[in-house]
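**Q** File input_21.csv follows (CSV, C-alpha atoms (C1' of nucleotides)):
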```csv
chain,number,residue,atom,x,y,z
Y,18,MET,CA,0.0,0.0,0.0
Y,19,PRO,CA,2.5,2.7,1.0
Y,20,GLU,CA,5.3,4.5,-1.0
Y,21,GLY,CA,4.6,8.0,-2.3
Y,22,PRO,CA,3.0,7.1,-5.7
Y,23,THR,CA,0.1,5.3,-3.9
Y,24,MET,CA,-0.7,8.4,-1.9
Y,25,VAL,CA,-1.0,10.4,-5.2
Y,26,LEU,CA,-3.4,7.8,-6.5
Y,27,LEU,CA,-5.4,8.0,-3.3
Y,28,LYS,CA,-5.6,11.7,-3.7
Y,29,GLU,CA,-7.0,11.3,-7.2
Y,30,ALA,CA,-9.5,8.7,-6.0
Y,31,LEU,CA,-10.8,11.1,-3.3
Y,32,ALA,CA,-11.0,14.1,-5.6
Y,33,PRO,CA,-14.9,13.9,-5.7
Y,34,PHE,CA,-15.0,14.6,-2.0
Y,35,LYS,CA,-13.0,17.8,-2.1
Y,36,GLY,CA,-15.1,20.7,-0.9
Y,37,LYS,CA,-17.7,18.4,0.6
Y,38,LYS,CA,-18.8,18.5,4.3
Y,39,VAL,CA,-18.2,15.5,6.6
Y,40,LEU,CA,-21.7,14.4,7.7
Y,41,GLU,CA,-20.7,11.5,9.9
Y,42,VAL,CA,-17.5,10.3,11.5
Y,43,ALA,CA,-16.7,6.8,12.9
Y,44,GLY,CA,-13.8,4.4,13.5
Y,45,ASN,CA,-11.4,3.4,16.2
Y,46,ALA,CA,-8.8,6.0,15.5
Y,47,LYS,CA,-7.6,7.6,18.8
Y,48,ILE,CA,-8.2,11.1,17.7
Y,49,GLU,CA,-11.0,13.7,18.4
Y,50,LYS,CA,-12.9,12.5,15.4
Y,51,GLU,CA,-15.9,14.8,16.0
Y,52,ARG,CA,-13.8,17.8,15.2
Y,53,ALA,CA,-14.3,16.8,11.5
Y,54,LEU,CA,-18.1,16.8,11.8
Y,55,ASN,CA,-19.7,19.4,9.5
Y,56,GLN,CA,-16.3,20.6,8.4
Y,57,PRO,CA,-15.7,20.9,4.7
Y,58,ILE,CA,-12.6,19.3,3.1
Y,59,LYS,CA,-10.5,22.2,2.0
Y,60,GLU,CA,-8.2,19.9,0.0
Y,61,PHE,CA,-6.2,16.6,0.0
Y,62,ARG,CA,-2.5,16.8,0.0
Y,63,THR,CA,0.3,14.2,0.1
Y,64,PHE,CA,3.8,14.5,1.6
Y,65,GLY,CA,5.9,11.4,0.9
Y,66,LYS,CA,4.0,8.5,2.5
Y,67,HIS,CA,1.7,10.8,4.4
Y,68,PHE,CA,-1.9,11.5,3.2
Y,69,LEU,CA,-3.3,14.8,4.4
Y,70,ILE,CA,-7.0,15.6,4.7
Y,71,CYS,CA,-7.1,19.3,5.1
Y,72,PHE,CA,-10.0,21.1,6.9
Y,73,PRO,CA,-10.1,24.8,7.3
Y,74,SER,CA,-8.5,24.8,10.8
Y,75,PHE,CA,-6.7,21.5,11.1
Y,76,THR,CA,-5.5,18.5,9.2
Y,77,ILE,CA,-6.0,14.7,9.6
Y,78,ARG,CA,-2.8,12.9,8.7
Y,79,ILE,CA,-3.0,9.3,7.6
Y,80,HIS,CA,0.1,7.0,7.5
Y,81,PHE,CA,-0.6,3.6,6.0
Y,82,LEU,CA,2.5,1.9,7.6
Y,83,LEU,CA,2.9,-1.6,6.2
Y,84,PHE,CA,-0.6,-2.9,5.9
Y,85,GLY,CA,-2.8,0.1,5.6
Y,86,SER,CA,-5.6,0.3,3.0
Y,87,PHE,CA,-8.7,2.3,2.1
Y,88,SER,CA,-12.0,1.9,0.3
Y,89,ILE,CA,-14.6,4.1,-1.1
Y,90,ASP,CA,-18.4,3.6,-0.6
Y,91,GLU,CA,-18.1,0.0,0.3
Y,92,GLN,CA,-16.7,-1.3,3.5
Y,93,VAL,CA,-14.6,-4.0,1.8
Y,94,ARG,CA,-13.3,-5.5,5.0
Y,95,LEU,CA,-16.5,-6.3,6.8
Y,96,ASN,CA,-14.7,-8.4,9.4
Y,97,LYS,CA,-12.0,-5.9,10.1
Y,98,ALA,CA,-12.0,-2.8,12.3
Y,99,VAL,CA,-12.5,0.5,10.5
Y,100,ARG,CA,-9.9,2.9,11.7
Y,101,LEU,CA,-11.6,6.0,10.2
Y,102,LYS,CA,-14.8,6.4,8.3
Y,103,LEU,CA,-15.9,9.7,6.8
Y,104,VAL,CA,-19.4,10.1,5.4
Y,105,PHE,CA,-20.2,12.7,2.7
Y,106,ASP,CA,-23.4,13.3,0.8
Y,107,VAL,CA,-21.7,11.9,-2.3
Y,108,GLY,CA,-20.2,8.8,-0.7
Y,109,THR,CA,-18.1,7.3,2.1
Y,110,VAL,CA,-14.4,6.8,2.6
Y,111,TYR,CA,-13.0,4.1,4.8
Y,112,PHE,CA,-9.4,3.7,6.1
Y,113,TYR,CA,-8.1,0.6,7.7
Y,114,THR,CA,-5.0,-0.3,9.8
Y,115,CYS,CA,-3.3,3.0,9.5
Y,116,ALA,CA,-1.8,5.6,11.9
Y,117,VAL,CA,-4.2,8.6,12.2
Y,118,LYS,CA,-3.2,11.9,13.7
Y,119,ILE,CA,-4.6,15.4,13.9
Y,120,LEU,CA,-2.2,18.2,13.0
Y,121,ASP,CA,-3.1,21.7,14.3
Y,122,GLU,CA,0.0,23.4,12.9
Y,123,SER,CA,0.2,25.0,9.6
Y,124,LEU,CA,1.4,22.4,7.1
Y,125,ASP,CA,4.0,24.7,5.7
Y,126,ASP,CA,5.5,24.9,9.1
Y,127,ILE,CA,5.8,21.1,9.5
Y,128,TYR,CA,6.6,20.0,6.0
Y,129,ASP,CA,9.4,21.0,3.7
Y,130,TRP,CA,7.7,20.2,0.4
Y,131,SER,CA,11.0,20.3,-1.5
Y,132,THR,CA,12.0,16.9,0.1
Y,133,ASP,CA,9.0,15.1,-1.4
Y,134,VAL,CA,10.1,13.4,-4.6
Y,135,MET,CA,6.6,13.7,-6.1
Y,136,ASN,CA,6.0,17.3,-5.1
Y,137,LYS,CA,6.2,20.1,-7.6
Y,138,ALA,CA,8.6,21.8,-5.2
Y,139,TRP,CA,11.0,18.8,-5.1
Y,140,SER,CA,14.6,20.0,-5.1
Y,141,PRO,CA,17.2,17.5,-6.3
Y,142,ARG,CA,19.8,20.1,-5.4
Y,143,LYS,CA,18.9,20.1,-1.7
Y,144,ALA,CA,18.7,16.3,-1.7
Y,145,LYS,CA,22.2,16.0,-3.1
Y,146,GLN,CA,23.5,18.5,-0.5
Y,147,LYS,CA,21.9,16.5,2.3
Y,148,LEU,CA,23.5,13.3,0.9
Y,149,LEU,CA,26.9,14.9,0.9
Y,150,GLN,CA,26.5,15.7,4.6
Y,151,HIS,CA,26.5,11.9,5.2
Y,152,PRO,CA,29.4,10.6,3.1
Y,153,LYS,CA,30.0,7.5,5.2
Y,154,GLU,CA,26.4,6.3,5.1
Y,155,LEU,CA,25.3,3.6,2.6
Y,156,ILE,CA,23.2,4.6,-0.3
Y,157,CYS,CA,20.6,1.9,0.5
Y,158,ASP,CA,19.9,3.6,3.9
Y,159,GLU,CA,20.0,7.1,2.5
Y,160,LEU,CA,17.4,6.5,-0.3
Y,161,LEU,CA,15.0,5.4,2.5
Y,162,ASP,CA,15.6,8.5,4.5
Y,163,GLN,CA,12.3,10.4,4.5
Y,164,ASP,CA,14.1,13.6,5.4
Y,165,ILE,CA,15.9,13.4,2.0
Y,166,PHE,CA,13.7,11.4,-0.2
Y,167,ALA,CA,10.2,11.6,1.2
Y,168,GLY,CA,8.0,9.0,-0.5
Y,169,VAL,CA,10.7,6.6,-1.5
Y,170,GLY,CA,10.1,3.1,-0.1
Y,171,ASN,CA,12.0,-0.2,-0.4
Y,172,ILE,CA,10.8,-1.2,-3.8
Y,173,ILE,CA,11.7,2.2,-5.3
Y,174,LYS,CA,15.1,2.0,-3.6
Y,175,ASN,CA,15.9,-1.3,-5.1
Y,176,GLU,CA,14.7,-0.4,-8.6
Y,177,VAL,CA,16.6,3.0,-8.6
Y,178,LEU,CA,19.8,1.3,-7.6
Y,179,PHE,CA,19.4,-1.4,-10.2
Y,180,LYS,CA,18.7,1.1,-12.9
Y,181,MET,CA,21.7,3.2,-11.9
Y,182,ARG,CA,23.9,0.1,-11.7
Y,183,VAL,CA,24.9,1.1,-8.2
Y,184,HIS,CA,25.4,-1.5,-5.4
Y,185,PRO,CA,23.2,-0.8,-2.4
Y,186,GLU,CA,26.2,-1.0,0.0
Y,187,SER,CA,28.0,1.8,-1.8
Y,188,LYS,CA,29.2,4.6,0.4
Y,189,VAL,CA,27.6,8.0,-0.5
Y,190,GLY,CA,30.9,9.8,-0.4
Y,191,ALA,CA,32.5,7.3,-2.7
Y,192,ILE,CA,29.9,7.6,-5.5
Y,193,PRO,CA,31.1,10.0,-8.3
Y,194,SER,CA,29.3,13.3,-8.2
Y,195,THR,CA,27.6,12.9,-11.5
Y,196,LYS,CA,26.4,9.5,-10.6
Y,197,LEU,CA,25.0,10.7,-7.3
Y,198,ALA,CA,23.1,13.5,-9.1
Y,199,LYS,CA,21.6,10.9,-11.4
Y,200,ILE,CA,20.5,8.7,-8.5
Y,201,VAL,CA,18.8,11.7,-7.0
Y,202,SER,CA,17.0,12.6,-10.1
Y,203,THR,CA,16.0,9.0,-10.8
Y,204,ALA,CA,14.5,8.7,-7.3
Y,205,SER,CA,12.0,11.2,-8.4
Y,206,SER,CA,11.5,10.2,-12.0
Y,207,TYR,CA,11.2,6.5,-11.1
Y,208,SER,CA,8.5,7.4,-8.6
Y,209,PHE,CA,6.5,8.8,-11.5
Y,210,ASP,CA,7.1,5.7,-13.5
Y,211,PHE,CA,6.0,3.7,-10.5
Y,212,LEU,CA,2.8,5.8,-10.4
Y,213,ALA,CA,2.0,5.3,-14.1
Y,214,TRP,CA,2.6,1.6,-13.8
Y,215,ARG,CA,0.5,1.3,-10.7
Y,216,ARG,CA,-2.3,3.3,-12.4
Y,217,GLU,CA,-2.3,0.7,-15.2
Y,218,PHE,CA,-1.9,-2.3,-12.8
Y,219,VAL,CA,1.3,-3.3,-14.4
Y,220,LEU,CA,3.7,-2.3,-11.7
Y,221,ILE,CA,4.8,-5.8,-10.7
Y,222,LYS,CA,5.5,-6.7,-14.3
Y,223,ASN,CA,7.8,-3.8,-14.6
Y,224,LEU,CA,10.0,-4.5,-11.6
Y,225,LYS,CA,13.4,-5.5,-12.6
Y,226,ALA,CA,15.2,-6.3,-9.3
Y,227,HIS,CA,12.8,-6.2,-6.3
Y,228,GLY,CA,11.7,-9.7,-5.5
Y,229,LYS,CA,13.5,-11.1,-8.6
Y,230,LYS,CA,15.9,-14.0,-8.7
Y,231,ILE,CA,17.7,-13.4,-11.9
Y,232,CYS,CA,19.4,-10.3,-13.3
Y,233,PRO,CA,17.5,-9.2,-16.4
Y,234,ARG,CA,20.7,-7.7,-17.8
Y,235,CYS,CA,23.3,-10.4,-17.0
Y,236,GLN,CA,21.1,-13.5,-16.3
Y,237,VAL,CA,23.1,-14.2,-13.2
Y,238,PRO,CA,21.3,-14.8,-9.9
Y,239,LEU,CA,20.5,-11.7,-8.0
Y,240,ILE,CA,21.7,-11.3,-4.4
Y,241,LYS,CA,19.1,-10.9,-1.7
Y,242,LYS,CA,20.5,-9.4,1.4
Y,243,HIS,CA,19.3,-7.2,4.3
Y,244,THR,CA,21.6,-4.2,4.0
Y,245,GLY,CA,22.7,-1.1,5.9
Y,246,LYS,CA,21.6,0.2,9.3
Y,247,LYS,CA,18.0,-0.1,8.3
Y,248,LYS,CA,18.4,-3.8,7.4
Y,249,ARG,CA,15.8,-3.7,4.7
Y,250,ARG,CA,15.8,-6.2,1.8
Y,251,SER,CA,18.1,-5.3,-1.1
Y,252,PHE,CA,18.0,-7.2,-4.4
Y,253,PHE,CA,21.0,-6.5,-6.5
Y,254,CYS,CA,23.3,-7.9,-9.2
Y,255,LYS,CA,26.9,-8.4,-8.1
Y,256,ASN,CA,27.9,-8.3,-11.7
Y,257,CYS,CA,26.5,-5.1,-13.0
Y,258,GLN,CA,26.0,-2.9,-10.0
Y,259,VAL,CA,29.2,-1.2,-9.0
Y,260,LYS,CA,30.1,-1.1,-5.3
Y,261,TYR,CA,31.7,2.3,-4.6
Y,262,SER,CA,33.4,2.0,-1.2
Y,263,THR,CA,36.5,4.2,-1.2
Y,264,ILE,CA,36.0,7.7,-0.1
Y,265,SER,CA,38.7,9.8,-1.7
U,23,DT,C1',0.9,-23.3,9.1
U,24,DG,C1',4.6,-20.2,9.6
U,25,DC,C1',7.2,-16.8,7.9
U,26,DC,C1',7.9,-12.7,6.0
U,27,DA,C1',7.1,-7.9,4.2
U,28,DT,C1',6.0,-1.6,0.0
U,29,DG,C1',6.9,1.2,7.4
U,30,DT,C1',7.4,4.0,11.5
U,31,DT,C1',7.6,4.8,16.4
U,32,DA,C1',8.8,4.1,20.9
U,33,DA,C1',10.4,1.3,24.5
U,34,DA,C1',14.1,-1.3,26.1
U,35,DC,C1',18.5,-2.4,25.8
U,36,DT,C1',24.0,-1.5,25.9
V,17,DG,C1',22.8,10.3,27.1
V,18,DA,C1',23.9,8.3,22.7
V,19,DG,C1',23.4,4.6,19.9
V,20,DT,C1',21.4,0.1,18.9
V,21,DT,C1',18.0,-3.5,19.1
V,22,DT,C1',13.4,-5.1,19.8
V,23,DA,C1',8.5,-4.8,20.1
V,24,DA,C1',4.3,-3.3,18.6
V,25,DC,C1',1.1,-2.4,15.2
V,26,DA,C1',-1.9,-6.1,12.2
V,27,DT,C1',-2.7,-8.0,7.0
V,28,DG,C1',-2.2,-11.1,3.2
V,29,DG,C1',0.6,-13.8,0.1
V,30,DC,C1',3.4,-17.7,-0.5
```
Show me the file's structure as structure tokens.
**A**
Amino acid sequence: MPEGPTMVLLKEALAPFKGKKVLEVAGNAKIEKERALNQPIKEFRTFGKHFLICFPSFTIRIHFLLFGSFSIDEQVRLNKAVRLKLVFDVGTVYFYTCAVKILDESLDDIYDWSTDVMNKAWSPRKAKQKLLQHPKELICDELLDQDIFAGVGNIIKNEVLFKMRVHPESKVGAIPSTKLAKIVSTASSYSFDFLAWRREFVLIKNLKAHGKKICPRCQVPLIKKHTGKKKRRSFFCKNCQVKYSTIS
DNA sequence: TGCCATGTTAAACT
DNA sequence: GAGTTTAACATGGC
């Protein structure tokens, strides 16, 4: 469910509810749900893996964690608890197994939109600057750093590194500058590819490394290893992904 | 059936 | 106190 592109799709799916008033609230989310009653949705926004339901004076933030899901109009998980249910005159939205929080702060004060790889304000220049401040960190950990690449998840990490032919255990400071810049720009562009594929239900078909056993370039077996401080699964080809490890 | 995983936070360790 | 590890959350596919 998560990763940034899915949040963008959710925003599109909920577009019919923009401007509509909440007529009924329910669910087991531990927030003051009734604050949303009779409030109109000002807009929906996304920041990385956060989904933001904006009301005139506050925001409900949804994070889907690992298993979160949603449905519109039909409660698809009849046997499962509804975390949050919002009823409008034009339909109903259900959220399941997600983290829900109310934000009272102005979003511009909390979020630096330029760190979100799918936001118009995305700044590859800032991302590269932040990377260069952590020269000893491994690129597999840094791509998952939501303060640098908000919205990038483990699948996108693996696919970007495969596409760039960079080994996940490469040290940031050892990667040539032009290559690093290319990784940064690909983190964003690949997220849009991911979005387009997901929209057409062909995402899995287009994955080249994540969850795969054979390198589509070299036909040699891919390595599957939990890498870096974050110990998340990495799938990579020892043959065609270069391991940059010497910081000059 | 048991294990594992597109994720994050916080508690419990050292 | 910093840094690291573990638990918790809770679903579905293999």
**Q** Taking all atoms listed in the file into account, report as JSON, numbers by chain which residues of chain U lie within 9 Å of chain Y.
**A** {"U": [27, 28, 29, 30]}
**Q** Using CA of Tyr111 in chain Y and CA of Val39 in chain Y as the two end points, give the distance in Å to one decimal.
**A**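 Atom-to-atom, CA of Tyr111 in chain Y to CA of Val39 in chain Y, that is 12.7 Å.
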**Q** Can you measure CA of Thr109 in chain Y to CA of Ile89 in chain Y for me? One decimal in Å is fine.
**A** 5.7 Å
**Q** Pull out every residue of chain V that has at least one atom within 9 Å of chain Y, counting only C-alpha atoms (C1' of nucleotides), and report them as a ChimeraX atom specification.
**A** /V:25-28
**Q** Taking (26.1, -3.5, -4.3) in the file's own coordinates, collect the residues within 8 Å, counting all atoms listed in the file, and hand them back as a PyMOL selection string.
**A** chain Y and resi 183-187+253-255+258-260
**Q** Please report the interatomic distance between CA of Lys28 in chain Y and CA of Asp133 in chain Y in Å with one decimal.
**A** 15.2 Å
**Q** Might you pull out every residue within 10 Å of DT36 in chain U, with all atoms listed in the file counted and same-chain residues fewer than 5 positions away left off, and present them as a VMD selection string?
**A** chain V and resid 19 to 21
